[in-house]
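One structure below.
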Amino acid sequence: MRIRAMQAEDLPRMQEITVAAFEHVSIDQRIDQTFGELNGHDWRWRKGQAIVQDWQREPEGLFVAEQAGLVVGGITTWHDAAAGIGYIPNLAIDAAYRGQGIGRQLLEYAIDRFRDLGLSLARIETLAHNEVGDHLYRSLGFQEVARQIHFAMKIPGSEA
Ligand SMILES: CC(C)(COP(=O)(O)OP(=O)(O)OC[C@H]1O[C@@H](n2cnc3c(N)ncnc32)[C@H](O)[C@@H]1OP(=O)(O)O)[C@@H](O)C(=O)NCCC(=O)NCCS
């Protein structure tokens, strides 16, 4: 397994892995379950777009794990140099390749990069019921600082 910078041609594969991986651990999926599709798009479309947005925000902050020439997972990051904070919005491993330490290595890679950038804090979020994420992040040294409630409402009078 090797970790390398994501290239534009990796984008569809990274979207595919991320969308598949976030089944049952996606806030946007909960939104669909409550409100249905929005604007003709489901949570999978929105998750795929989130990867595009991560890419557009800081293309040099996205990395993929490759095994035998196949992208099997990836991580997206961005940083705020003035605040000294590195963010990890998305991390996903193809189900067939989980439990081999790839997620951990991608996180360590991202944290090393944050250190090289001179940052002092790394941030990541997980849903409370995501036991793997909760275990993995704590085992790397992340500390829980807050729990959040996500609210959503249909805009009164809106069509879709
Ligand atoms: C979270 C994810 C990226 C981890 O990737 P991975 O390559 O399987 O992770 P690793 O093999 O490096 O480590 C998994 C750890 O979770 C542990 N684990 C596995 N199943 C677990 C469970 N049900 N409860 C608690 N811990 C569990 C493993 O033992 C391992 O910990 P260890 O290294 O201390 O033994 C991957 O499971 C995934 O893509 N999940 C779906 C998407 C997701 O949840 N992304 C993060 C959203 S915040």
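In the structure tokens, each chain is lettered A, B, ... as it comes, each chain's residues begin at 1, and ligands are numbered from 1 in order of appearance.
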Using only C-alpha atoms, what table do you get, as CSV, when you list each residue of region 88-139 of chain A with an atom no more than 10 Å from region 20-44 of chain A, its nearest pair of atoms, and their distance in Å rounded to one decimal, rows by chain then rising number?
residue,atom,partner,partner_atom,distance
A:Asn90,CA,A:Phe22,CA,9.5
A:Leu91,CA,A:Ala21,CA,8.9
A:Ala92,CA,A:Ala21,CA,5.9
A:Ile93,CA,A:Ala21,CA,6.8
A:Asp94,CA,A:Ala21,CA,6.8
A:Ala95,CA,A:Ala21,CA,7.1
A:Thr126,CA,A:Val25,CA,8.1
A:Leu127,CA,A:Val25,CA,6.5
A:Ala128,CA,A:Val25,CA,9.3
A:His129,CA,A:Val25,CA,7.9
A:Asn130,CA,A:Val25,CA,6.5
A:Gly133,CA,A:Val25,CA,9.8
Okay, now the selection with N, CA and C atoms, as a compact mmCIF listing (two decimals), in the first residue's frame?
# COMPACT_ATOMS: atom_id res chain seq x y z
N ASN A 90 -13.20 14.39 5.24
CA ASN A 90 -13.63 13.09 4.71
C ASN A 90 -12.51 12.06 4.74
N LEU A 91 -12.87 10.87 5.20
CA LEU A 91 -11.96 9.73 5.24
C LEU A 91 -12.78 8.51 4.90
N ALA A 92 -12.35 7.73 3.93
CA ALA A 92 -13.13 6.55 3.54
C ALA A 92 -12.22 5.48 2.96
N ILE A 93 -12.52 4.23 3.33
CA ILE A 93 -11.78 3.09 2.81
C ILE A 93 -12.80 2.13 2.17
N ASP A 94 -12.47 1.61 1.01
CA ASP A 94 -13.28 0.58 0.36
C ASP A 94 -13.51 -0.56 1.35
N ALA A 95 -14.77 -1.01 1.47
CA ALA A 95 -15.11 -2.02 2.48
C ALA A 95 -14.22 -3.26 2.41
N THR A 126 -17.06 12.89 13.93
CA THR A 126 -17.71 11.62 13.62
C THR A 126 -19.09 11.58 14.27
N LEU A 127 -20.01 10.83 13.66
CA LEU A 127 -21.31 10.64 14.31
C LEU A 127 -21.09 9.79 15.56
N ALA A 128 -21.92 10.05 16.57
CA ALA A 128 -21.74 9.37 17.85
C ALA A 128 -21.81 7.85 17.71
N HIS A 129 -22.61 7.35 16.74
CA HIS A 129 -22.78 5.89 16.63
C HIS A 129 -21.71 5.25 15.74
N ASN A 130 -20.76 6.04 15.23
CA ASN A 130 -19.71 5.48 14.37
C ASN A 130 -18.59 4.93 15.27
N GLY A 133 -14.91 4.96 13.80
CA GLY A 133 -14.32 6.30 13.81
C GLY A 133 -13.98 6.73 15.23
Original post:
If you count only C-alpha atoms, which residues fall within 6 Å of region 75-84 of chain A, apart from same-chain ones fewer than 6 positions away, as a list in words?
Top reply: Glu58, Gly61, Leu62, Phe63, Asn90, Leu91, Leu119 and Ser120 of chain A
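Nearest to ligand 1 of all the residues A:Gln15, A:Ser139, A:Ser158, A:Gln56 is A:Ser139, based on only C-alpha atoms and all ligand atoms.
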Subject >> Distance of CA of Met6 (chain A) from CA of Gly141 (chain A), expressed in Å to one decimal place >> reply: 25.6 Å
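For the residues A:Gln7, A:Gln100, A:Gln148, A:Gln143, ranking by smallest atom-to-atom distance to ligand 1 using only C-alpha atoms and all ligand atoms places A:Gln100 first.
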Original post:
Which one is closest to Pro12 (chain A): A:Val71, A:Ala122, A:Ala65, A:Ile111? Count only C-alpha atoms.
Top reply: A:Val71
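For the set A:Ala110, A:Met153, A:Val145, A:Ile17, the residue with the smallest atom-to-atom gap to ligand 1 is A:Ile17, counting only C-alpha atoms and all ligand atoms.
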